$ cat target_39.txt   # compact mmCIF, C-alpha atoms and all ligand atoms
# COMPACT_ATOMS: atom_id res chain seq x y z
CA MET A 1 97.81 66.89 41.04
CA ALA A 2 95.15 65.89 38.54
CA PHE A 3 93.49 69.11 37.53
CA ALA A 4 96.16 70.46 35.20
CA SER A 5 95.06 68.81 31.99
CA THR A 6 91.38 68.51 32.79
CA THR A 7 88.58 70.92 33.53
CA SER A 8 88.23 69.69 37.12
CA ALA A 9 88.67 72.17 39.95
CA HIS A 10 91.75 72.21 42.17
CA PRO A 11 91.84 72.18 46.00
CA LEU A 12 91.84 76.00 46.33
CA ALA A 13 89.10 76.62 43.77
CA HIS A 14 86.50 77.31 46.47
CA TYR A 15 88.33 80.59 47.27
CA ARG A 16 87.14 81.91 43.90
CA ALA A 17 83.78 82.70 45.51
CA GLU A 18 85.56 85.33 47.64
CA PHE A 19 86.61 87.28 44.52
CA PRO A 20 83.46 88.81 43.01
CA ILE A 21 85.13 89.83 39.74
CA PHE A 22 84.67 86.20 38.64
CA GLU A 23 80.90 86.67 38.68
CA ARG A 24 81.30 88.77 35.54
CA GLN A 25 84.74 88.17 34.09
CA ILE A 26 87.68 85.82 33.87
CA TYR A 27 90.55 87.53 35.63
CA LEU A 28 94.04 86.62 34.37
CA ASN A 29 96.05 89.67 35.34
CA SER A 30 97.20 89.17 38.93
CA CYS A 31 100.78 90.19 38.19
CA SER A 32 99.42 93.70 37.50
CA LEU A 33 96.87 93.84 40.30
CA GLY A 34 95.56 91.03 42.49
CA ALA A 35 91.77 90.64 42.39
CA LEU A 36 89.71 92.32 45.12
CA SER A 37 88.52 89.90 47.81
CA THR A 38 85.38 90.26 49.91
CA ARG A 39 87.70 90.30 52.95
CA SER A 40 89.61 93.37 51.69
CA ARG A 41 86.32 95.12 50.93
CA ARG A 42 85.08 94.30 54.44
CA GLN A 43 88.30 95.59 56.02
CA VAL A 44 88.17 98.86 54.06
CA GLY A 45 84.53 99.19 55.15
CA ARG A 46 85.70 98.82 58.76
CA PHE A 47 88.24 101.62 58.24
CA LEU A 48 85.54 103.89 56.79
CA GLU A 49 83.20 103.15 59.71
CA LEU A 50 85.95 104.04 62.18
CA TRP A 51 86.80 107.23 60.30
CA GLU A 52 83.11 108.18 60.24
CA SER A 53 82.34 107.31 63.86
CA ARG A 54 85.55 108.21 65.68
CA GLY A 55 87.59 110.47 63.42
CA ALA A 56 91.18 111.08 64.56
CA ALA A 57 90.51 109.41 67.92
CA ALA A 58 90.90 106.05 66.16
CA TRP A 59 94.57 106.83 65.56
CA TYR A 60 95.49 106.34 69.17
CA ASP A 61 94.35 102.74 69.46
CA VAL A 62 92.97 100.78 66.52
CA TRP A 63 94.78 102.52 63.66
CA TRP A 64 98.15 102.42 65.38
CA GLU A 65 97.52 98.74 66.10
CA ALA A 66 96.59 98.14 62.43
CA LEU A 67 100.05 99.39 61.39
CA ALA A 68 101.72 97.04 63.88
CA GLU A 69 99.51 94.19 62.66
CA LEU A 70 100.55 94.90 59.07
CA ARG A 71 104.28 94.93 59.92
CA GLN A 72 103.77 91.67 61.77
CA GLY A 73 101.81 90.12 58.88
CA TYR A 74 104.40 91.10 56.28
CA ALA A 75 107.18 89.80 58.55
CA GLN A 76 105.46 86.45 58.96
CA VAL A 77 104.94 85.95 55.24
CA VAL A 78 108.69 86.36 54.48
CA GLY A 79 110.10 84.82 57.68
CA ALA A 80 111.40 88.14 59.09
CA ASN A 81 111.07 89.70 62.53
CA PRO A 82 108.50 92.54 62.70
CA GLY A 83 111.36 94.88 63.72
CA GLU A 84 113.00 94.26 60.33
CA ILE A 85 109.97 95.65 58.43
CA ALA A 86 109.44 99.27 57.36
CA LEU A 87 106.10 100.26 55.79
CA HIS A 88 106.02 102.26 52.58
CA ALA A 89 103.59 103.45 49.94
CA SER A 90 105.43 102.07 46.90
CA ILE A 91 108.59 100.25 45.86
CA SER A 92 109.83 103.62 44.58
CA THR A 93 109.60 105.34 47.99
CA ALA A 94 111.10 102.33 49.79
CA THR A 95 114.08 102.11 47.42
CA ALA A 96 114.53 105.90 47.51
CA VAL A 97 115.03 105.66 51.28
CA LEU A 98 117.35 102.69 50.84
CA SER A 99 119.44 104.38 48.13
CA GLY A 100 119.78 107.43 50.38
CA ALA A 101 121.08 105.37 53.31
CA LEU A 102 124.04 103.68 51.58
CA ASP A 103 127.59 105.00 51.43
CA TYR A 104 129.08 105.21 47.93
CA ALA A 105 132.46 106.81 48.84
CA ALA A 106 134.59 103.66 48.55
CA ARG A 107 132.10 101.68 46.48
CA PRO A 108 130.34 103.89 43.91
CA LYS A 109 128.85 101.09 41.78
CA VAL A 110 125.38 99.55 41.78
CA VAL A 111 124.72 96.45 39.66
CA THR A 112 121.25 95.73 38.29
CA THR A 113 119.84 93.89 35.26
CA ALA A 114 117.94 94.72 32.09
CA LEU A 115 115.01 92.55 33.25
CA ASP A 116 114.36 94.37 36.53
CA PHE A 117 111.51 96.82 37.00
CA PRO A 118 113.05 100.20 36.06
CA THR A 119 111.95 102.16 39.13
CA VAL A 120 114.71 100.29 41.01
CA ALA A 121 117.49 101.43 38.65
CA TYR A 122 116.08 104.98 38.64
CA GLN A 123 116.91 105.39 42.36
CA TRP A 124 120.59 105.04 41.53
CA LEU A 125 120.54 106.62 38.04
CA ALA A 126 119.25 109.74 39.80
CA LYS A 127 122.44 109.70 41.87
CA GLN A 128 124.79 109.62 38.88
CA PRO A 129 125.50 113.37 39.17
CA SER A 130 126.91 112.71 42.65
CA GLY A 131 129.22 109.95 41.36
CA VAL A 132 127.11 106.77 41.63
CA GLU A 133 127.68 104.36 38.71
CA VAL A 134 124.97 101.99 37.51
CA GLU A 135 125.88 98.84 35.58
CA VAL A 136 122.93 97.15 33.85
CA VAL A 137 123.67 93.49 33.12
CA GLU A 138 122.00 92.37 29.88
CA SER A 139 119.92 89.23 29.41
CA PRO A 140 120.84 87.08 26.38
CA ASP A 141 117.30 85.70 25.93
CA GLY A 142 115.04 88.29 27.58
CA ILE A 143 113.99 85.63 30.10
CA THR A 144 116.84 85.17 32.59
CA VAL A 145 120.24 86.61 33.45
CA PRO A 146 122.92 83.93 33.82
CA LEU A 147 124.56 84.05 37.26
CA ASP A 148 128.07 84.07 35.79
CA THR A 149 127.26 87.26 33.81
CA LEU A 150 126.04 88.86 37.01
CA GLU A 151 129.12 87.64 38.86
CA ARG A 152 131.43 89.27 36.30
CA ALA A 153 129.78 92.66 36.91
CA ILE A 154 130.22 92.56 40.72
CA ASP A 155 133.58 93.78 41.98
CA ARG A 156 135.24 95.46 44.96
CA ARG A 157 133.80 98.82 43.85
CA THR A 158 130.22 97.49 44.06
CA ALA A 159 128.10 98.83 46.91
CA LEU A 160 124.91 96.96 46.00
CA VAL A 161 123.46 94.34 43.71
CA ALA A 162 119.82 95.29 43.08
CA THR A 163 117.71 92.77 41.21
CA SER A 164 114.42 90.81 41.29
CA HIS A 165 113.30 87.51 42.71
CA VAL A 166 110.76 87.04 39.87
CA TYR A 167 111.35 89.09 36.72
CA PHE A 168 108.22 91.04 35.79
CA THR A 169 109.32 90.72 32.16
CA SER A 170 109.34 86.92 31.95
CA GLY A 171 108.12 85.41 35.21
CA ALA A 172 111.49 83.67 35.62
CA ILE A 173 112.49 82.99 39.23
CA GLN A 174 116.00 84.07 40.12
CA ASP A 175 118.07 82.17 42.70
CA VAL A 176 118.33 84.99 45.24
CA ARG A 177 120.41 82.93 47.67
CA ALA A 178 123.04 82.64 44.91
CA VAL A 179 122.76 86.37 44.08
CA ALA A 180 123.25 87.29 47.76
CA ASP A 181 126.30 84.98 47.94
CA LEU A 182 127.84 86.58 44.83
CA ALA A 183 127.32 90.07 46.27
CA HIS A 184 128.69 89.15 49.69
CA ALA A 185 131.74 87.40 48.20
CA LYS A 186 132.85 90.82 46.91
CA GLY A 187 131.84 92.70 50.06
CA ALA A 188 128.72 94.20 48.40
CA LEU A 189 125.16 94.25 49.75
CA CYS A 190 122.11 92.74 48.04
CA PHE A 191 118.65 94.23 47.47
CA ILE A 192 115.85 92.07 46.08
CA ASP A 193 112.69 93.46 44.47
CA ALA A 194 110.29 90.64 45.35
CA TYR A 195 107.08 92.44 44.33
CA GLN A 196 106.41 89.70 41.75
CA SER A 197 107.18 86.80 44.05
CA VAL A 198 106.00 87.28 47.65
CA GLY A 199 102.54 85.69 47.80
CA GLN A 200 103.00 83.32 44.86
CA VAL A 201 106.50 81.94 45.57
CA PRO A 202 107.78 81.11 49.08
CA VAL A 203 110.39 83.55 50.41
CA ASN A 204 112.39 83.28 53.61
CA VAL A 205 114.58 86.33 53.95
CA HIS A 206 116.82 84.84 56.63
CA ALA A 207 117.42 81.63 54.68
CA THR A 208 118.32 83.53 51.50
CA GLY A 209 120.72 85.86 53.31
CA VAL A 210 119.58 88.95 51.37
CA ASP A 211 120.26 92.31 53.03
CA PHE A 212 117.19 94.21 51.80
CA LEU A 213 113.95 93.08 50.17
CA CYS A 214 110.78 94.82 49.03
CA ALA A 215 107.32 93.48 48.27
CA GLY A 216 103.76 94.55 48.96
CA GLY A 217 100.07 94.42 48.35
CA LEU A 218 99.50 95.30 44.72
CA LYS A 219 99.84 91.88 43.16
CA TRP A 220 100.33 88.55 44.91
CA LEU A 221 99.48 89.71 48.45
CA LEU A 222 96.02 90.86 47.36
CA GLY A 223 96.21 94.25 49.07
CA GLY A 224 95.69 96.63 46.15
CA PRO A 225 97.79 99.76 45.61
CA GLY A 226 99.35 101.79 48.41
CA THR A 227 101.22 99.51 50.83
CA VAL A 228 104.59 97.85 50.45
CA PHE A 229 107.32 96.91 52.87
CA LEU A 230 111.08 97.17 53.01
CA TYR A 231 112.87 94.37 54.88
CA VAL A 232 116.25 95.35 56.32
CA ARG A 233 118.46 92.65 57.85
CA GLU A 234 118.56 93.09 61.63
CA ASP A 235 122.30 93.66 62.04
CA LEU A 236 122.37 96.31 59.29
CA ILE A 237 119.57 98.47 60.66
CA ARG A 238 121.57 100.51 63.17
CA GLN A 239 124.56 100.77 60.81
CA LEU A 240 122.52 102.75 58.28
CA THR A 241 121.37 106.34 58.63
CA PRO A 242 118.61 107.57 56.31
CA THR A 243 119.00 110.77 54.30
CA VAL A 244 115.47 110.54 52.88
CA THR A 245 113.10 110.40 55.83
CA GLY A 246 110.01 111.59 57.73
CA TRP A 247 108.56 111.82 61.20
CA PHE A 248 107.63 108.11 61.40
CA ALA A 249 111.39 107.36 61.48
CA HIS A 250 111.72 109.27 64.78
CA GLN A 251 111.69 107.15 67.94
CA ARG A 252 109.64 109.79 69.78
CA GLN A 253 107.67 111.24 66.90
CA PHE A 254 105.04 112.72 69.21
CA ASP A 255 107.66 115.00 70.85
CA PHE A 256 107.34 117.05 67.63
CA ASP A 257 110.90 118.28 68.08
CA PRO A 258 112.34 119.88 64.92
CA ARG A 259 115.80 120.24 66.49
CA GLY A 260 117.00 116.67 66.02
CA ILE A 261 116.11 113.15 64.96
CA VAL A 262 116.36 110.18 67.31
CA TRP A 263 116.14 107.26 64.89
CA HIS A 264 114.07 104.21 65.68
CA ASP A 265 116.28 101.27 66.64
CA ASP A 266 114.36 98.97 64.34
CA ALA A 267 113.50 99.16 60.62
CA ARG A 268 110.93 101.88 61.27
CA ARG A 269 113.90 104.26 60.95
CA PHE A 270 113.42 103.74 57.19
CA GLU A 271 109.78 104.86 57.19
CA GLN A 272 108.56 108.32 56.11
CA GLY A 273 105.09 109.80 56.74
CA THR A 274 101.47 108.92 57.54
CA PRO A 275 100.52 105.62 55.86
CA ALA A 276 97.40 105.45 53.65
CA LEU A 277 95.08 103.67 56.07
CA ALA A 278 92.48 102.57 53.53
CA ALA A 279 95.28 100.73 51.74
CA VAL A 280 96.53 99.28 55.02
CA TYR A 281 93.09 97.84 55.74
CA ALA A 282 92.73 96.45 52.21
CA GLN A 283 96.08 94.73 52.67
CA LEU A 284 95.09 93.25 56.03
CA GLY A 285 92.13 91.60 54.27
CA GLY A 286 94.33 90.21 51.48
CA LEU A 287 97.01 89.00 53.88
CA GLU A 288 94.40 87.12 55.87
CA VAL A 289 93.63 85.01 52.78
CA ILE A 290 97.30 84.47 51.88
CA ARG A 291 98.27 83.46 55.42
CA GLU A 292 95.24 81.22 55.80
CA ILE A 293 96.25 79.19 52.74
CA GLY A 294 100.02 79.58 53.13
CA VAL A 295 102.38 80.49 50.30
CA PRO A 296 103.88 76.98 49.87
CA ARG A 297 100.37 75.62 49.20
CA ILE A 298 99.61 78.52 46.85
CA ARG A 299 102.85 77.82 44.97
CA GLU A 300 101.93 74.16 44.55
CA ILE A 301 98.60 75.02 42.90
CA VAL A 302 99.85 78.01 40.94
CA ARG A 303 102.77 76.02 39.58
CA GLU A 304 100.30 73.46 38.19
CA LEU A 305 98.10 76.23 36.78
CA THR A 306 101.09 77.86 35.11
CA GLU A 307 102.15 74.59 33.47
CA ASP A 308 98.55 74.04 32.36
CA LEU A 309 98.46 77.48 30.73
CA ILE A 310 101.79 76.91 28.99
CA THR A 311 100.72 73.46 27.76
CA ARG A 312 97.46 74.86 26.39
CA ALA A 313 99.30 77.71 24.67
CA LEU A 314 101.79 75.32 23.07
CA GLY A 315 98.92 73.08 21.99
CA ALA A 316 97.32 76.06 20.20
CA GLY A 317 100.53 76.74 18.27
CA LEU A 318 101.53 79.71 20.43
CA HIS A 319 105.08 80.03 21.74
CA PRO A 320 105.04 81.28 25.34
CA LYS A 321 108.24 83.04 26.38
CA VAL A 322 109.01 81.34 29.69
CA ALA A 323 112.05 79.89 31.47
CA ALA A 324 113.24 76.59 29.96
CA ASP A 325 113.38 74.92 33.39
CA PRO A 326 109.82 74.51 34.78
CA SER A 327 111.07 74.96 38.36
CA GLN A 328 112.17 78.48 37.36
CA ARG A 329 108.72 79.45 36.04
CA SER A 330 106.13 81.47 37.92
CA ALA A 331 102.63 82.68 37.10
CA ILE A 332 103.58 85.27 34.48
CA VAL A 333 103.19 83.84 30.99
CA MET A 334 104.24 86.04 28.09
CA ILE A 335 102.76 85.07 24.73
CA PRO A 336 104.42 86.67 21.70
CA ASP A 337 101.85 88.58 19.62
CA ASP A 338 102.08 90.90 16.60
CA ASN A 339 99.25 93.04 17.92
CA PRO A 340 99.12 92.60 21.70
CA ALA A 341 96.78 95.56 22.30
CA GLY A 342 94.35 94.15 19.72
CA SER A 343 94.49 90.69 21.30
CA VAL A 344 93.88 92.13 24.76
CA ARG A 345 90.82 93.93 23.33
CA ARG A 346 89.54 90.66 21.87
CA LEU A 347 90.07 88.98 25.24
CA ALA A 348 88.16 91.85 26.89
CA ASP A 349 85.31 91.35 24.39
CA ALA A 350 85.16 87.77 25.68
CA SER A 351 85.12 89.10 29.30
CA ILE A 352 88.71 88.05 29.95
CA VAL A 353 91.03 90.52 31.70
CA ALA A 354 94.64 90.26 30.49
CA ASP A 355 97.37 92.75 29.69
CA ALA A 356 99.64 93.76 26.81
CA ARG A 357 103.38 94.35 27.03
CA PRO A 358 105.58 95.24 24.04
CA GLY A 359 105.32 92.32 21.59
CA HIS A 360 103.40 90.12 24.04
CA VAL A 361 100.08 89.32 25.63
CA ARG A 362 100.63 88.72 29.34
CA LEU A 363 98.51 86.20 31.24
CA SER A 364 98.97 85.59 34.95
CA PRO A 365 96.86 83.06 36.84
CA PHE A 366 96.58 82.80 40.63
CA PHE A 367 95.01 80.27 43.00
CA TYR A 368 91.50 81.57 42.18
CA ASN A 369 91.86 80.66 38.53
CA LEU A 370 90.79 77.42 36.89
CA SER A 371 92.07 75.46 33.95
CA ASP A 372 88.80 76.45 32.22
CA ASP A 373 89.92 80.12 32.36
CA HIS A 374 93.03 79.17 30.41
CA ALA A 375 91.01 77.24 27.86
CA ALA A 376 88.80 80.29 27.27
CA ALA A 377 91.76 82.69 26.92
CA ILE A 378 93.77 80.42 24.64
CA GLU A 379 90.70 79.87 22.45
CA VAL A 380 90.52 83.64 21.85
CA LEU A 381 94.26 83.94 21.21
CA ARG A 382 94.24 80.97 18.84
CA ALA A 383 91.55 82.66 16.76
C1 LIG B 1 108.85 94.02 40.07
C2 LIG B 1 108.15 95.33 40.23
N1 LIG B 1 108.72 96.30 40.97
C3 LIG B 1 108.13 97.49 41.15
C4 LIG B 1 106.90 97.77 40.57
C5 LIG B 1 106.21 99.09 40.81
O1 LIG B 1 106.85 99.92 41.73
P1 LIG B 1 106.04 101.09 42.49
O2 LIG B 1 105.46 100.48 43.72
O3 LIG B 1 107.07 102.10 42.80
O4 LIG B 1 104.99 101.59 41.55
C6 LIG B 1 106.28 96.79 39.75
C7 LIG B 1 104.97 96.97 39.09
O5 LIG B 1 104.04 97.56 39.49
C8 LIG B 1 106.94 95.56 39.59
O6 LIG B 1 106.39 94.59 38.83
$ encode --input "target_39.txt" --output "structure tokens"
Amino acid sequence: MAFASTTSAHPLAHYRAEFPIFERQIYLNSCSLGALSTRSRRQVGRFLELWESRGAAAWYDVWWEALAELRQGYAQVVGANPGEIALHASISTATAVLSGALDYAARPKVVTTALDFPTVAYQWLAKQPSGVEVEVVESPDGITVPLDTLERAIDRRTALVATSHVYFTSGAIQDVRAVADLAHAKGALCFIDAYQSVGQVPVNVHATGVDFLCAGGLKWLLGGPGTVFLYVREDLIRQLTPTVTGWFAHQRQFDFDPRGIVWHDDARRFEQGTPALAAVYAQLGGLEVIREIGVPRIREIVRELTEDLITRALGAGLHPKVAADPSQRSAIVMIPDDNPAGSVRRLADASIVADARPGHVRLSPFFYNLSDDHAAAIEVLRA
């Protein structure tokens, strides 16, 4: 690929025209929120038209079908069956349902890491009063967690290993196949928070052998806030009974029977209540773009863009905090900074959208970015 060290455009650059934010700004913050596409805007417009013209009547055909289409789209992007996908509003609600469905009697321990997004640990920390133990495995460098450290924490008392595919803190890609194997070797289950990977890094849930996985629209699937999914491995679905639930988990929800729950046979048993349809439509627009290009192709381009950004940062005397092995890097580049909020303000003054995290400026390119965007951002940070 030739574009990395030059200002020439890459093979996906023409998609930039579908993201109007670039008419006014350079957007380098996709790991917070993917940019809005014209297709998502069009899809949300369609939802509003249906709401206006048909009201609740749209539920019984098109809106119900939109939910099925979304489950199918999410399934396709991670290599799952649609019946293994439950829709949720956030990673927090999805993991709350998951944490409520596991049995901690013989195995009270949950293992997680210091680099994972904290809402995951909170689901099990909240269960400490009822005897659940949470072990947080530390990271020696703030970038990765060595597999042998994780292995030492997993034992016969471990119910679940809950960690990330891509760490939001460093962009490092974790070998989730290896994590699942470590968990299974001790009879534990494995949950992967893949919010920072699905869309930018290929994921095949069946090939990795993970038991549960979450991802969604906010970042790399270009769907905005409000829709995520929980994947549950087929053979586990009917073994697990939710304790946190809602009427969408009921196989015959339109019986409106408060006397008992007949659980769905598929992963919908882990759903809760009425999905936010505007968000569903926004996600359908974003997924259309992602599926059209294909995640392996996105990864190819984004990997080059990430290396380009890192090379430019190093060339400007900055010291990006990224995984040592390039194959472990993804499109989250943390640049140490004494005054990250100030630097993000200076970037904003130059019409560049980035983000600050403690001690760092965070830049995250996606397939709609160009090497020129990196040059502009690094120029500001160098100054
Ligand atoms: C890895 C990861 N997990 C979870 C979340 C957020 O979870 P929720 O959907 O509950 O807000 C984020 C950031 O938004 C994240 O980066």
$ closest_residue --input "target_39.txt" --among "A:Val380, A:Ala9, A:Ala96, A:Ala188" --to "ligand LIG 1 (chain B)" --atoms "all atoms listed in the file"
A:Ala96
$ closest_residue --input "target_39.txt" --among "A:Ala105, A:Ser351, A:Gly223, A:Ser164" --to "Thr119 in chain A" --atoms "only C-alpha atoms"
A:Ser164
$ residues_near_ligand --input "target_39.txt" --ligand "ligand LIG 1 (chain B)" --cutoff "7 Å" --atoms "only C-alpha atoms and all ligand atoms" --output "JSON, numbers by chain"
{"A": [32, 90, 91, 92, 93, 116, 117, 119, 164, 167, 168, 193, 194, 195, 196]}
$ atom_distance --input "target_39.txt" --atom1 "CA of Val78 in chain A" --atom2 "CA of Val176 in chain A"
13.4 Å
$ residues_around --input "target_39.txt" --residues "range 200-204 of chain A" --least-positions-apart "3" --cutoff "7 Å" --atoms "all atoms listed in the file" --output "ChimeraX atom specification"
/A:78-79,197,207-208,220,295-296,298-299
$ residues_near_point --input "target_39.txt" --point "(128.0, 105.4, 52.2)" --cutoff "12 Å" --atoms "only C-alpha atoms" --output "mmCIF file with C-alpha atoms, keeping the file's coordinate frame"
data_model
loop_
_atom_site.group_PDB
_atom_site.id
_atom_site.type_symbol
_atom_site.label_atom_id
_atom_site.label_comp_id
_atom_site.auth_asym_id
_atom_site.auth_seq_id
_atom_site.Cartn_x
_atom_site.Cartn_y
_atom_site.Cartn_z
ATOM 1 C CA LEU A 98 117.350 102.690 50.840
ATOM 2 C CA SER A 99 119.440 104.380 48.130
ATOM 3 C CA GLY A 100 119.780 107.430 50.380
ATOM 4 C CA ALA A 101 121.080 105.370 53.310
ATOM 5 C CA LEU A 102 124.040 103.680 51.580
ATOM 6 C CA ASP A 103 127.590 105.000 51.430
ATOM 7 C CA TYR A 104 129.080 105.210 47.930
ATOM 8 C CA ALA A 105 132.460 106.810 48.840
ATOM 9 C CA ALA A 106 134.590 103.660 48.550
ATOM 10 C CA ARG A 107 132.100 101.680 46.480
ATOM 11 C CA PRO A 108 130.340 103.890 43.910
ATOM 12 C CA LYS A 109 128.850 101.090 41.780
ATOM 13 C CA GLY A 131 129.220 109.950 41.360
ATOM 14 C CA VAL A 132 127.110 106.770 41.630
ATOM 15 C CA THR A 158 130.220 97.490 44.060
ATOM 16 C CA ALA A 159 128.100 98.830 46.910
ATOM 17 C CA LEU A 160 124.910 96.960 46.000
ATOM 18 C CA ALA A 188 128.720 94.200 48.400
ATOM 19 C CA LEU A 189 125.160 94.250 49.750
ATOM 20 C CA GLN A 239 124.560 100.770 60.810
ATOM 21 C CA LEU A 240 122.520 102.750 58.280
ATOM 22 C CA THR A 241 121.370 106.340 58.630
ATOM 23 C CA PRO A 242 118.610 107.570 56.310
ATOM 24 C CA THR A 243 119.000 110.770 54.300
#
$ atom_distance --input "target_39.txt" --atom1 "CA of Gly273 in chain A" --atom2 "CA of Phe248 in chain A"
5.6 Å
$ atom_distance --input "target_39.txt" --atom1 "CA of Cys190 in chain A" --atom2 "CA of Asp265 in chain A"
21.3 Å
$ closest_residue --input "target_39.txt" --among "A:Pro129, A:Gly209, A:Gly34, A:Gly294" --to "Phe366 in chain A" --atoms "only C-alpha atoms"
A:Gly34
$ residues_around --input "target_39.txt" --residues "Gly73 in chain A" --least-positions-apart "5" --cutoff "10 Å" --atoms "all atoms listed in the file" --output "PDB file with C-alpha atoms, in the coordinates of the input"
ATOM      1  CA  LEU A  67     100.050  99.390  61.390  1.00  0.00           C
ATOM      2  CA  ALA A  68     101.720  97.040  63.880  1.00  0.00           C
ATOM      3  CA  VAL A  78     108.690  86.360  54.480  1.00  0.00           C
ATOM      4  CA  GLY A  79     110.100  84.820  57.680  1.00  0.00           C
ATOM      5  CA  ALA A  80     111.400  88.140  59.090  1.00  0.00           C
ATOM      6  CA  ASN A  81     111.070  89.700  62.530  1.00  0.00           C
ATOM      7  CA  PRO A  82     108.500  92.540  62.700  1.00  0.00           C
ATOM      8  CA  ILE A  85     109.970  95.650  58.430  1.00  0.00           C
ATOM      9  CA  GLN A 283      96.080  94.730  52.670  1.00  0.00           C
ATOM     10  CA  LEU A 284      95.090  93.250  56.030  1.00  0.00           C
ATOM     11  CA  LEU A 287      97.010  89.000  53.880  1.00  0.00           C
ATOM     12  CA  GLU A 288      94.400  87.120  55.870  1.00  0.00           C
ATOM     13  CA  ARG A 291      98.270  83.460  55.420  1.00  0.00           C
TER      14      ARG A 291
END
$ closest_residue --input "target_39.txt" --among "A:Leu370, A:Val198, A:Ile173, A:Leu12" --to "Ala324 in chain A" --atoms "all atoms listed in the file"
A:Ile173
$ residues_around --input "target_39.txt" --residues "Ala249 in chain A" --least-positions-apart "4" --cutoff "12 Å" --atoms "all atoms listed in the file" --output "PyMOL selection string"
chain A and resi 86-88+97+241-245+253-254+260-274
$ closest_atom_pairs --input "target_39.txt" --of "range 234-333 of chain A" --to "range 138-148 of chain A" --cutoff "9 Å" --atoms "only C-alpha atoms" --output "Markdown table"
| residue | atom | partner | partner_atom | distance |
| --- | --- | --- | --- | --- |
| A:Lys321 | CA | A:Ile143 | CA | 7.3 |
| A:Val322 | CA | A:Ile143 | CA | 6.6 |
| A:Ala323 | CA | A:Ile143 | CA | 6.2 |
$ closest_residue --input "target_39.txt" --among "A:Leu115, A:Ile352, A:Glu65, A:Pro326" --to "Glu23 in chain A" --atoms "all atoms listed in the file"
A:Ile352
$ closest_residue --input "target_39.txt" --among "A:Ala377, A:Val280, A:Val137, A:Leu347" --to "Arg41 in chain A" --atoms "all atoms listed in the file"
A:Val280
$ residues_around --input "target_39.txt" --residues "Ser30 in chain A" --least-positions-apart "4" --cutoff "10 Å" --atoms "only C-alpha atoms" --output "list in words"
Gly34, Ala35, Gln196, Leu218, Lys219, Trp220, Leu221, Leu222, Ala331, Ile332, Val353, Ala354, Asp355, Leu363, Ser364, Pro365 and Phe366 of chain A
$ residues_around --input "target_39.txt" --residues "Phe19 in chain A" --least-positions-apart "6" --cutoff "7 Å" --atoms "only C-alpha atoms" --output "MDAnalysis selection string"
chainID A and resid 35:38
